[in-house]
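Raw contents of input_11.cif, mmCIF, C-alpha atoms and all ligand atoms:
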```cif
data_data
#
loop_
_atom_site.label_atom_id
_atom_site.label_comp_id
_atom_site.auth_asym_id
_atom_site.auth_seq_id
_atom_site.Cartn_x
_atom_site.Cartn_y
_atom_site.Cartn_z
CA MET A 1 14.05 -16.58 -6.75
CA ASN A 2 10.69 -15.42 -8.11
CA LEU A 3 8.06 -13.44 -6.24
CA PHE A 4 4.54 -13.60 -7.67
CA TYR A 5 2.74 -10.39 -6.75
CA MET A 6 -0.18 -8.10 -7.50
CA PRO A 7 0.56 -4.37 -7.32
CA GLY A 8 0.02 -3.02 -3.80
CA ALA A 9 -1.22 -6.38 -2.44
CA SER A 10 0.22 -8.03 0.68
CA SER A 11 3.02 -9.35 -1.57
CA LEU A 12 4.42 -5.80 -1.47
CA ALA A 13 5.72 -6.65 2.02
CA ASP A 14 7.83 -9.48 0.57
CA HIS A 15 8.97 -7.21 -2.22
CA ILE A 16 10.16 -4.65 0.35
CA ALA A 17 11.87 -7.39 2.38
CA LEU A 18 13.72 -8.50 -0.77
CA GLU A 19 14.84 -4.91 -1.35
CA TRP A 20 15.90 -4.43 2.28
CA SER A 21 17.89 -7.69 2.04
CA LYS A 22 19.56 -6.58 -1.19
CA ALA A 23 18.62 -10.00 -2.55
CA GLU A 24 18.76 -11.04 -6.19
CA TYR A 25 15.24 -11.79 -7.32
CA GLU A 26 12.74 -11.59 -10.11
CA THR A 27 9.06 -10.83 -9.99
CA VAL A 28 6.01 -12.12 -11.82
CA ARG A 29 3.10 -9.73 -12.03
CA MET A 30 -0.28 -11.37 -11.51
CA ASP A 31 -3.82 -10.06 -11.76
CA ARG A 32 -7.26 -11.08 -10.57
CA SER A 33 -7.73 -13.55 -13.40
CA SER A 34 -4.22 -15.06 -13.60
CA ILE A 35 -4.29 -15.94 -9.87
CA LYS A 36 -7.31 -18.14 -10.58
CA ALA A 37 -5.81 -19.82 -13.66
CA GLU A 38 -5.16 -23.56 -13.48
CA ASP A 39 -1.36 -23.39 -13.82
CA TYR A 40 -1.15 -20.90 -10.94
CA LEU A 41 -3.61 -22.82 -8.75
CA ALA A 42 -1.33 -25.84 -9.17
CA LEU A 43 1.37 -23.81 -7.39
CA ASN A 44 -0.92 -22.02 -4.95
CA PRO A 45 -4.33 -23.65 -4.45
CA SER A 46 -5.50 -20.54 -2.51
CA GLY A 47 -5.43 -18.55 -5.75
CA SER A 48 -3.79 -15.62 -3.99
CA VAL A 49 -0.51 -13.76 -3.74
CA PRO A 50 2.18 -13.77 -2.46
CA LEU A 51 3.87 -16.85 -3.79
CA LEU A 52 7.62 -17.40 -3.73
CA VAL A 53 9.42 -19.89 -5.94
CA ASP A 54 13.02 -20.51 -4.95
CA GLY A 55 14.41 -23.26 -7.18
CA ASP A 56 12.27 -26.31 -6.48
CA PHE A 57 10.85 -24.77 -3.29
CA VAL A 58 7.36 -23.34 -3.70
CA LEU A 59 6.22 -21.31 -0.72
CA THR A 60 2.84 -19.72 0.01
CA GLU A 61 1.56 -17.68 2.99
CA ASN A 62 2.94 -14.26 3.60
CA VAL A 63 4.28 -14.86 7.09
CA ALA A 64 6.17 -17.98 5.97
CA ILE A 65 7.64 -16.13 2.98
CA LEU A 66 8.71 -13.13 5.05
CA VAL A 67 10.39 -15.32 7.66
CA TYR A 68 12.06 -17.41 4.94
CA LEU A 69 13.44 -14.27 3.27
CA ALA A 70 14.69 -12.89 6.59
CA GLU A 71 16.42 -16.18 7.43
CA LEU A 72 18.02 -16.40 3.98
CA HIS A 73 19.50 -12.93 4.46
CA PRO A 74 20.53 -12.72 8.12
CA HIS A 75 22.85 -9.77 7.44
CA ALA A 76 19.75 -7.58 6.97
CA ARG A 77 18.56 -8.41 10.54
CA LEU A 78 14.89 -8.42 9.61
CA LEU A 79 13.93 -11.07 12.20
CA GLY A 80 15.39 -9.62 15.36
CA ASP A 81 18.94 -9.66 16.67
CA GLY A 82 19.27 -13.44 16.81
CA SER A 83 17.86 -13.82 20.33
CA PRO A 84 14.72 -15.93 20.85
CA ARG A 85 12.95 -12.95 22.44
CA SER A 86 13.60 -10.51 19.61
CA ARG A 87 12.47 -13.15 17.09
CA ALA A 88 9.33 -13.75 19.18
CA GLU A 89 8.62 -9.99 19.18
CA VAL A 90 8.76 -9.89 15.37
CA MET A 91 6.53 -12.99 15.21
CA ARG A 92 4.07 -11.41 17.66
CA TRP A 93 3.53 -8.42 15.36
CA LEU A 94 3.53 -10.51 12.19
CA GLY A 95 0.83 -12.70 13.70
CA PHE A 96 -1.27 -9.70 14.67
CA LEU A 97 -0.89 -8.06 11.26
CA ASN A 98 -1.61 -11.21 9.30
CA SER A 99 -4.41 -12.81 11.24
CA ASP A 100 -6.17 -9.77 12.68
CA VAL A 101 -5.45 -6.58 10.74
CA HIS A 102 -5.10 -8.05 7.24
CA LYS A 103 -8.26 -10.08 7.66
CA ALA A 104 -10.21 -7.06 8.86
CA PHE A 105 -9.76 -5.55 5.39
CA ARG A 106 -11.38 -8.48 3.62
CA PRO A 107 -15.00 -7.28 4.01
CA ILE A 108 -13.87 -3.92 2.61
CA PHE A 109 -12.17 -5.50 -0.40
CA TYR A 110 -14.63 -8.32 -0.97
CA PRO A 111 -17.97 -7.47 0.71
CA GLU A 112 -19.84 -9.67 -1.79
CA ARG A 113 -18.04 -12.74 -0.41
CA TYR A 114 -19.81 -12.15 2.90
CA LEU A 115 -23.21 -10.72 2.05
CA GLN A 116 -25.19 -10.29 -1.14
CA GLY A 117 -26.75 -6.95 -1.98
CA GLN A 118 -25.30 -3.49 -2.29
CA GLU A 119 -26.87 -2.11 0.89
CA PHE A 120 -25.65 -4.97 3.11
CA ALA A 121 -22.22 -4.71 1.55
CA GLN A 122 -22.02 -1.03 2.49
CA HIS A 123 -22.98 -1.74 6.12
CA LEU A 124 -20.48 -4.54 6.27
CA ALA A 125 -17.68 -2.37 4.87
CA ALA A 126 -18.54 0.39 7.37
CA THR A 127 -18.34 -2.08 10.28
CA ALA A 128 -15.05 -3.44 8.95
CA ARG A 129 -13.61 0.10 8.77
CA GLY A 130 -14.37 0.45 12.50
CA HIS A 131 -12.55 -2.82 13.22
CA VAL A 132 -9.54 -1.73 11.20
CA ARG A 133 -9.43 1.56 13.12
CA ASP A 134 -9.50 -0.34 16.43
CA TYR A 135 -6.47 -2.29 15.31
CA LEU A 136 -4.75 0.85 14.04
CA ARG A 137 -5.15 2.39 17.51
CA ARG A 138 -3.10 -0.46 18.99
CA LEU A 139 -0.44 -0.14 16.31
CA ASP A 140 -0.27 3.62 16.80
CA ALA A 141 0.28 3.11 20.54
CA GLN A 142 3.04 0.59 19.82
CA LEU A 143 4.84 3.16 17.65
CA GLU A 144 4.77 5.81 20.39
CA GLY A 145 8.43 6.66 20.95
CA ARG A 146 9.56 3.97 18.47
CA GLU A 147 10.55 4.16 14.80
CA TRP A 148 9.81 0.48 14.20
CA LEU A 149 7.27 -1.93 15.65
CA THR A 150 9.84 -3.85 17.71
CA GLY A 151 12.30 -0.97 18.06
CA GLU A 152 14.43 -2.31 15.21
CA ARG A 153 13.49 -2.58 11.53
CA SER A 154 11.99 -5.98 10.72
CA ILE A 155 9.76 -7.81 8.25
CA ALA A 156 6.79 -6.80 10.43
CA ASP A 157 7.39 -3.16 9.45
CA ALA A 158 7.23 -4.03 5.75
CA TYR A 159 3.86 -5.70 6.35
CA LEU A 160 2.64 -2.79 8.48
CA PHE A 161 3.49 -0.36 5.69
CA VAL A 162 1.33 -2.30 3.22
CA LEU A 163 -1.65 -2.40 5.60
CA LEU A 164 -1.37 1.33 6.33
CA ARG A 165 -1.32 2.01 2.61
CA TRP A 166 -4.55 0.05 2.34
CA ALA A 167 -6.02 2.03 5.23
CA ILE A 168 -5.29 5.25 3.36
CA GLY A 169 -6.38 3.87 -0.01
CA THR A 170 -9.69 2.50 1.27
CA LYS A 171 -10.52 5.74 3.10
CA VAL A 172 -10.28 4.16 6.55
CA GLY A 173 -7.75 6.92 7.00
CA LEU A 174 -4.94 7.49 9.48
CA GLN A 175 -6.38 10.69 10.93
CA GLY A 176 -5.86 10.73 14.68
CA PHE A 177 -2.93 8.32 14.44
CA ALA A 178 0.08 10.60 14.35
CA ASN A 179 2.65 7.83 14.86
CA LEU A 180 1.26 5.74 12.02
CA SER A 181 1.12 8.78 9.71
CA ARG A 182 4.75 9.56 10.49
CA PHE A 183 5.73 5.93 9.92
CA VAL A 184 4.06 5.69 6.53
CA ARG A 185 5.55 9.01 5.36
CA ARG A 186 9.01 7.97 6.49
CA LEU A 187 8.73 4.64 4.72
CA HIS A 188 7.66 6.33 1.49
CA ASP A 189 11.06 8.04 1.61
CA ASP A 190 12.87 4.73 2.14
CA GLU A 191 14.94 3.64 -0.85
CA GLY A 192 13.90 -0.03 -0.72
CA VAL A 193 10.21 0.79 -0.33
CA HIS A 194 10.35 3.20 -3.22
CA ALA A 195 12.18 0.67 -5.42
CA ALA A 196 9.52 -1.97 -4.72
CA LEU A 197 6.68 0.47 -5.40
CA ALA A 198 8.38 1.79 -8.52
CA MET A 199 8.63 -1.75 -9.88
CA GLU A 200 5.09 -2.76 -8.92
CA GLU A 201 3.22 0.38 -9.83
CA GLY A 202 5.45 2.07 -12.37
CA LEU A 203 6.30 5.09 -10.21
CA ALA A 204 8.96 7.39 -11.57
CA PRO A 205 12.44 6.41 -10.36
CA ARG A 206 13.73 8.87 -7.74
CA ARG A 207 16.60 10.01 -9.92
CA ASP A 208 14.18 11.35 -12.57
CA THR A 209 14.00 15.11 -12.59
CA PRO A 210 10.36 16.04 -12.10
CA PRO A 211 8.83 18.26 -14.74
CA VAL A 212 8.77 21.94 -13.78
CA PRO A 213 5.36 22.47 -12.08
CA SER A 214 4.74 25.89 -13.66
CA GLU A 215 5.14 24.41 -17.16
CA VAL A 216 2.82 21.53 -16.33
CA LEU A 217 0.23 23.91 -14.93
CA ARG A 218 0.40 26.03 -18.07
CA ARG A 219 -0.16 22.92 -20.18
CA ILE A 220 -3.20 21.83 -18.13
CA GLU A 221 -4.67 25.31 -18.35
CA GLY A 222 -4.13 25.24 -22.13
CA ARG A 223 -5.97 21.93 -22.43
CA LEU A 224 -8.81 23.09 -20.19
CA HIS A 225 -9.16 26.19 -22.29
CA ALA A 226 -9.20 24.22 -25.55
CA ASP A 227 -11.25 21.11 -24.58
CA GLY A 228 -12.96 22.05 -21.29
CA SER A 229 -11.49 18.95 -19.60
CA ALA A 230 -8.33 16.86 -19.41
CA THR A 231 -7.42 13.35 -18.27
CA LEU A 232 -3.92 12.86 -16.92
CA THR A 233 -1.80 10.37 -15.05
CA ALA A 234 -0.13 11.67 -11.93
CA GLU A 235 1.90 10.43 -8.99
CA VAL A 236 1.04 11.56 -5.50
CA VAL A 237 4.44 12.00 -3.84
CA GLY A 238 3.65 14.27 -0.90
CA THR A 239 0.88 14.99 1.57
CA VAL A 240 -2.34 15.69 -0.31
CA GLU A 241 -5.60 16.10 1.58
CA TYR A 242 -9.22 16.06 0.49
CA ARG A 243 -12.61 15.97 2.18
CA GLU A 244 -15.77 14.00 1.55
CA GLY A 245 -18.68 16.34 2.27
CA ASP A 246 -18.30 17.72 5.78
CA GLY A 247 -16.09 14.83 6.85
CA PRO A 248 -12.60 15.13 8.26
CA ALA A 249 -9.60 15.74 6.00
CA LEU A 250 -8.42 12.47 4.47
CA GLU A 251 -4.96 11.97 3.08
CA LEU A 252 -4.71 10.71 -0.47
CA ARG A 253 -2.72 7.53 -0.82
CA ARG A 254 0.68 8.00 -2.43
CA GLY A 255 1.20 6.38 -5.78
CA LEU A 256 -0.26 6.58 -9.24
CA VAL A 257 -3.64 8.19 -9.76
CA GLU A 258 -5.70 9.04 -12.78
CA VAL A 259 -6.87 12.62 -12.80
CA ASP A 260 -9.94 14.06 -14.53
CA VAL A 261 -9.76 17.82 -14.55
CA THR A 262 -12.52 20.21 -15.50
CA SER A 263 -12.62 23.93 -14.93
CA MET A 264 -14.64 23.31 -11.72
CA ASP A 265 -13.37 20.18 -10.14
CA THR A 266 -10.68 17.54 -10.12
CA VAL A 267 -11.37 13.86 -9.55
CA LEU A 268 -8.42 11.65 -8.67
CA SER A 269 -8.95 7.89 -8.88
CA TRP A 270 -6.82 4.88 -8.04
CA VAL A 271 -7.00 1.11 -8.05
CA ASP A 272 -5.47 -0.90 -5.22
CA GLU A 273 -5.62 -4.65 -5.18
CA ASN A 274 -9.39 -4.97 -5.27
CA TYR A 275 -10.35 -1.47 -4.31
CA ARG A 276 -11.22 1.40 -6.58
CA GLY A 277 -11.02 4.76 -4.83
CA GLU A 278 -11.98 8.25 -5.89
CA ALA A 279 -11.38 11.66 -4.37
CA ALA A 280 -12.61 15.02 -5.55
CA MET A 281 -11.10 18.41 -4.84
CA PRO A 282 -11.61 21.91 -6.19
CA LEU A 283 -9.37 22.75 -9.14
CA PRO A 284 -7.40 25.47 -7.26
CA ASN A 285 -6.42 22.92 -4.54
CA PHE A 286 -5.22 20.48 -7.18
CA MET A 287 -3.25 23.20 -8.93
CA ARG A 288 -1.68 24.20 -5.61
CA TYR A 289 -0.56 20.63 -4.91
CA VAL A 290 0.95 20.38 -8.41
CA GLY A 291 2.65 23.74 -7.91
CA ASP A 292 4.05 22.60 -4.52
CA GLY A 293 5.32 19.36 -6.07
CA ALA A 294 3.13 17.10 -3.85
CA ILE A 295 1.47 15.83 -7.03
CA ARG A 296 3.78 15.05 -9.94
CA LEU A 297 2.28 14.94 -13.39
CA ALA A 298 3.85 12.95 -16.19
CA ALA A 299 6.05 15.17 -18.36
N1 LIG B 301 -3.34 -16.26 3.87
C1 LIG B 301 -2.76 -15.63 2.72
C2 LIG B 301 -3.75 -14.59 2.20
C3 LIG B 301 -3.19 -13.84 1.02
C4 LIG B 301 -4.18 -12.84 0.45
O1 LIG B 301 -5.20 -12.52 1.08
N2 LIG B 301 -3.86 -12.36 -0.74
C5 LIG B 301 -4.72 -11.44 -1.43
C6 LIG B 301 -3.94 -10.21 -1.86
S1 LIG B 301 -3.46 -9.27 -0.46
C7 LIG B 301 -5.19 -12.10 -2.72
O2 LIG B 301 -4.40 -12.61 -3.49
N3 LIG B 301 -6.52 -12.09 -2.93
C8 LIG B 301 -7.11 -12.62 -4.11
C9 LIG B 301 -8.33 -13.40 -3.80
O3 LIG B 301 -8.55 -13.77 -2.64
O4 LIG B 301 -9.08 -13.66 -4.76
C10 LIG B 301 -1.42 -14.97 3.09
O5 LIG B 301 -1.33 -14.42 4.18
O6 LIG B 301 -0.49 -15.05 2.27
#
```

Written as structure tokens, how would this file's structure read?
Ligand SMILES: N[C@@H](CCC(=O)N[C@@H](CS)C(=O)NCC(=O)O)C(=O)O
Amino acid sequence: MNLFYMPGASSLADHIALEWSKAEYETVRMDRSSIKAEDYLALNPSGSVPLLVDGDFVLTENVAILVYLAELHPHARLLGDGSPRSRAEVMRWLGFLNSDVHKAFRPIFYPERYLQGQEFAQHLAATARGHVRDYLRRLDAQLEGREWLTGERSIADAYLFVLLRWAIGTKVGLQGFANLSRFVRRLHDDEGVHAALAMEEGLAPRRDTPPVPSEVLRRIEGRLHADGSATLTAEVVGTVEYREGDGPALELRRGLVEVDVTSMDTVLSWVDENYRGEAAMPLPNFMRYVGDGAIRLAA
């Protein structure tokens, strides 16, 4: 079985479902140009991911793929407990996530597909952020007193995790949504989620011993002293907050970031699906996060 994916895209939900099912599978990494290439369009005329190829069966559409994976691996119980009602509950949330929440991100990812001109695009993205937050409010309420959307882990939770990661990565933010913040943090600690992210984004495997923060800090200070600046690759593994102007504290999305350090400031940047994000923080804050182990720098 082969899953065609782009790092961090909605295909991550299928990747997590494969991990949770302990399935045997392979992955094919795609990018913005290979999903529009003729050979791929022959398999998936939408020119998008996910795509699943299982022998001679070629399946598109995330919801269909997630349900197919859950039904292939019933032992993992990712589609309810076998009763029509529990299955319907999972389908209810999958439908909401796929046709409402996922779609609400599109003007943020691809504003130019809706309106031409930078200024319009910014207005559109701002409106879309409001819509996403309205949906997040409903999801946060659903998670009140529950660990999983339907009470039991399902494919809908894998999809929810991906969309929450987008919310963090696109600066929609989860502030004010304590249940969603808890959910996303808990899932980052999940073995299957980490394995999928490690494969897609090249995160360090959990078993790796992180470099000793004090040594890393000494090395950065040495480079700053010698060159005045340094560019590094880091992995955000814990809670890291930053602010934009006088705005509220935003949490940095976990995963790989590129870091430009100068003696004044630190700029952390990331690329998710179609979105390029950037966050700045004073150097002492960055150093503190590295010292605390919330940001891991490559050895
Ligand atoms: N209806 C499709 C939509 C899939 C989709 O939007 N995929 C995005 C990644 S999350 C994509 O490949 N976008 C590339 C593009 O539209 O050019 C599904 O639910 O599977």

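In terms of minimum interatomic distance to A:Ala104, A:Thr127 ranks closest within A:Thr233, A:Ser83, A:Ser181, A:Thr127, counting all atoms listed in the file.
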
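Going from atom CA of A:Thr262 over to atom CA of A:Gly202, you cover 25.7 Å.
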
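Near stretch 155-160 of chain A, within 7 Å and counting all atoms listed in the file, sit Ala13, Ile16, Ala17, Leu66, Leu78, Leu79, Val90, Trp93, Leu94, Leu97, Trp148 and Leu149 of chain A, not including residues fewer than 5 positions from it in the same chain.
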
Using all atoms listed in the file: which of A:Arg92, A:His188, A:Arg296, A:Ala42 has the shortest distance to A:Leu217: A:Arg296

Can you sort out the box for ligand LIG 301 (chain B), edges along x, y and z, all listed atoms in, 6 Å on every side, with centre and edge lengths in Å to one decimal, as lines of an AutoDock Vina configuration file?
```
center_x = -4.8
center_y = -12.8
center_z = -0.3
size_x = 20.6
size_y = 19.0
size_z = 20.9
```

Spatial neighbours of A:Arg29, max dist 8 Å, all atoms listed in the file, sep filter under 3 positions, as an MDAnalysis selection string: chainID A and resid 4:7 200

Same residues, C-alpha atoms, output as a PDB file, in the frame of the given file:
```
ATOM      1  CA  PHE A   4       4.540 -13.600  -7.670  1.00  0.00           C
ATOM      2  CA  TYR A   5       2.740 -10.390  -6.750  1.00  0.00           C
ATOM      3  CA  MET A   6      -0.180  -8.100  -7.500  1.00  0.00           C
ATOM      4  CA  PRO A   7       0.560  -4.370  -7.320  1.00  0.00           C
ATOM      5  CA  GLU A 200       5.090  -2.760  -8.920  1.00  0.00           C
TER       6      GLU A 200
END
```

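Closest approach to ligand LIG 301 (chain B) from the set A:Ser33, A:Ser269, A:Ser214, A:Asn179 is made by A:Ser33, with distances taken over only C-alpha atoms and all ligand atoms.
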
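Picture a line from atom CA of A:Tyr25 to atom CA of A:Gly47; it runs 21.8 Å.
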
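The space between atom CA of A:Phe96 and atom CA of A:Ile35 spans 25.5 Å.
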
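Each of A:Glu215, A:Leu283, A:Gly245, A:Arg276 was compared to A:Leu297 using all atoms listed in the file, and A:Glu215 turns out to be the nearest.
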
At most 7 Å from ligand LIG 301 (chain B) (all atoms listed in the file): residue list as a ChimeraX atom specification: /A:9-11,32,47-50,60-63,98,273

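Neighbouring residues of A:Glu201 at 9 Å or closer, counting all atoms listed in the file and skipping chain neighbours under 3 positions away, are Pro7, Gly8, Ala196, Leu197, Ala198, Gly255 and Leu256 of chain A.
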
Sel. within 6 Å of pt (-1.9, -4.2, 7.8), counting all atoms listed in the file, output as a list in words: Leu97, Val101, His102, Leu160, Val162, Leu163 and Leu164 of chain A

Atoms to include: C-alpha atoms. Write the selected residues as a PDB file, in the coordinates of the input.
```pdb
ATOM      1  CA  LEU A  97      -0.890  -8.060  11.260  1.00  0.00           C
ATOM      2  CA  VAL A 101      -5.450  -6.580  10.740  1.00  0.00           C
ATOM      3  CA  HIS A 102      -5.100  -8.050   7.240  1.00  0.00           C
ATOM      4  CA  LEU A 160       2.640  -2.790   8.480  1.00  0.00           C
ATOM      5  CA  VAL A 162       1.330  -2.300   3.220  1.00  0.00           C
ATOM      6  CA  LEU A 163      -1.650  -2.400   5.600  1.00  0.00           C
ATOM      7  CA  LEU A 164      -1.370   1.330   6.330  1.00  0.00           C
TER       8      LEU A 164
END
```

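Nearest to A:Leu250 of all the residues A:Asn274, A:Gln122, A:Ser229, A:Thr170 is A:Thr170, based on only C-alpha atoms.
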
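Between A:Val132 and the candidates A:Gly173, A:Gly80, A:Gly145, A:Pro284, the tightest atom-to-atom separation, counting all atoms listed in the file, involves A:Gly173.
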
Can you pull out every residue within 9 Å of A:Val261, counting all atoms listed in the file, but drop anything in the same chain fewer than 4 positions away, and send it as a PDB file with C-alpha atoms, in the frame of the given file?
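The file below, result-v6.pdb, is the result:
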```pdb
ATOM      1  CA  ILE A 220      -3.200  21.830 -18.130  1.00  0.00           C
ATOM      2  CA  LEU A 224      -8.810  23.090 -20.190  1.00  0.00           C
ATOM      3  CA  GLY A 228     -12.960  22.050 -21.290  1.00  0.00           C
ATOM      4  CA  SER A 229     -11.490  18.950 -19.600  1.00  0.00           C
ATOM      5  CA  ALA A 230      -8.330  16.860 -19.410  1.00  0.00           C
ATOM      6  CA  THR A 231      -7.420  13.350 -18.270  1.00  0.00           C
ATOM      7  CA  LEU A 232      -3.920  12.860 -16.920  1.00  0.00           C
ATOM      8  CA  ASP A 265     -13.370  20.180 -10.140  1.00  0.00           C
ATOM      9  CA  THR A 266     -10.680  17.540 -10.120  1.00  0.00           C
ATOM     10  CA  VAL A 267     -11.370  13.860  -9.550  1.00  0.00           C
ATOM     11  CA  LEU A 268      -8.420  11.650  -8.670  1.00  0.00           C
ATOM     12  CA  LEU A 283      -9.370  22.750  -9.140  1.00  0.00           C
TER      13      LEU A 283
END
```

Sel. within 12 Å of pt (6.1, 4.4, 16.1), counting all atoms listed in the file, output as number ranges by chain: A: 136-153, 157, 160-161, 177-187

Could you dump the residues just selected with C-alpha atoms as a short mmCIF file (atom, residue, chain, number, x, y, z; two decimals), in the frame of the given file?
```cif
data_model
loop_
_atom_site.label_atom_id
_atom_site.label_comp_id
_atom_site.auth_asym_id
_atom_site.auth_seq_id
_atom_site.Cartn_x
_atom_site.Cartn_y
_atom_site.Cartn_z
CA LEU A 136 -4.75 0.85 14.04
CA ARG A 137 -5.15 2.39 17.51
CA ARG A 138 -3.10 -0.46 18.99
CA LEU A 139 -0.44 -0.14 16.31
CA ASP A 140 -0.27 3.62 16.80
CA ALA A 141 0.28 3.11 20.54
CA GLN A 142 3.04 0.59 19.82
CA LEU A 143 4.84 3.16 17.65
CA GLU A 144 4.77 5.81 20.39
CA GLY A 145 8.43 6.66 20.95
CA ARG A 146 9.56 3.97 18.47
CA GLU A 147 10.55 4.16 14.80
CA TRP A 148 9.81 0.48 14.20
CA LEU A 149 7.27 -1.93 15.65
CA THR A 150 9.84 -3.85 17.71
CA GLY A 151 12.30 -0.97 18.06
CA GLU A 152 14.43 -2.31 15.21
CA ARG A 153 13.49 -2.58 11.53
CA ASP A 157 7.39 -3.16 9.45
CA LEU A 160 2.64 -2.79 8.48
CA PHE A 161 3.49 -0.36 5.69
CA PHE A 177 -2.93 8.32 14.44
CA ALA A 178 0.08 10.60 14.35
CA ASN A 179 2.65 7.83 14.86
CA LEU A 180 1.26 5.74 12.02
CA SER A 181 1.12 8.78 9.71
CA ARG A 182 4.75 9.56 10.49
CA PHE A 183 5.73 5.93 9.92
CA VAL A 184 4.06 5.69 6.53
CA ARG A 185 5.55 9.01 5.36
CA ARG A 186 9.01 7.97 6.49
CA LEU A 187 8.73 4.64 4.72
#
```

N, CA and C atoms modelled onto stretch 231-246 of chain A, as a CSV table (one decimal), in the frame of the given file:
```csv
chain,number,residue,atom,x,y,z
A,231,THR,N,-7.7,14.5,-19.1
A,231,THR,CA,-7.4,13.4,-18.3
A,231,THR,C,-5.9,13.1,-18.3
A,232,LEU,N,-5.4,12.9,-17.1
A,232,LEU,CA,-3.9,12.9,-16.9
A,232,LEU,C,-3.6,11.7,-16.0
A,233,THR,N,-2.3,11.3,-16.0
A,233,THR,CA,-1.8,10.4,-15.0
A,233,THR,C,-0.8,11.1,-14.2
A,234,ALA,N,-1.0,10.9,-12.9
A,234,ALA,CA,-0.1,11.7,-11.9
A,234,ALA,C,0.4,10.7,-10.8
A,235,GLU,N,1.4,11.2,-10.1
A,235,GLU,CA,1.9,10.4,-9.0
A,235,GLU,C,1.8,11.3,-7.8
A,236,VAL,N,1.1,10.8,-6.8
A,236,VAL,CA,1.0,11.6,-5.5
A,236,VAL,C,2.3,11.2,-4.7
A,237,VAL,N,3.2,12.2,-4.5
A,237,VAL,CA,4.4,12.0,-3.8
A,237,VAL,C,4.5,12.7,-2.5
A,238,GLY,N,3.6,13.6,-2.2
A,238,GLY,CA,3.6,14.3,-0.9
A,238,GLY,C,2.3,14.2,-0.2
A,239,THR,N,2.1,15.0,0.8
A,239,THR,CA,0.9,15.0,1.6
A,239,THR,C,-0.2,15.8,0.8
A,240,VAL,N,-1.2,15.1,0.4
A,240,VAL,CA,-2.3,15.7,-0.3
A,240,VAL,C,-3.6,15.3,0.4
A,241,GLU,N,-4.4,16.4,0.8
A,241,GLU,CA,-5.6,16.1,1.6
A,241,GLU,C,-6.9,16.4,0.8
A,242,TYR,N,-7.9,15.8,1.1
A,242,TYR,CA,-9.2,16.1,0.5
A,242,TYR,C,-10.3,15.8,1.5
A,243,ARG,N,-11.5,16.2,1.2
A,243,ARG,CA,-12.6,16.0,2.2
A,243,ARG,C,-13.8,15.3,1.4
A,244,GLU,N,-14.5,14.5,2.1
A,244,GLU,CA,-15.8,14.0,1.6
A,244,GLU,C,-16.9,14.7,2.3
A,245,GLY,N,-17.6,15.6,1.6
A,245,GLY,CA,-18.7,16.3,2.3
A,245,GLY,C,-18.1,17.1,3.4
A,246,ASP,N,-18.8,17.0,4.6
A,246,ASP,CA,-18.3,17.7,5.8
A,246,ASP,C,-17.3,16.9,6.6
```
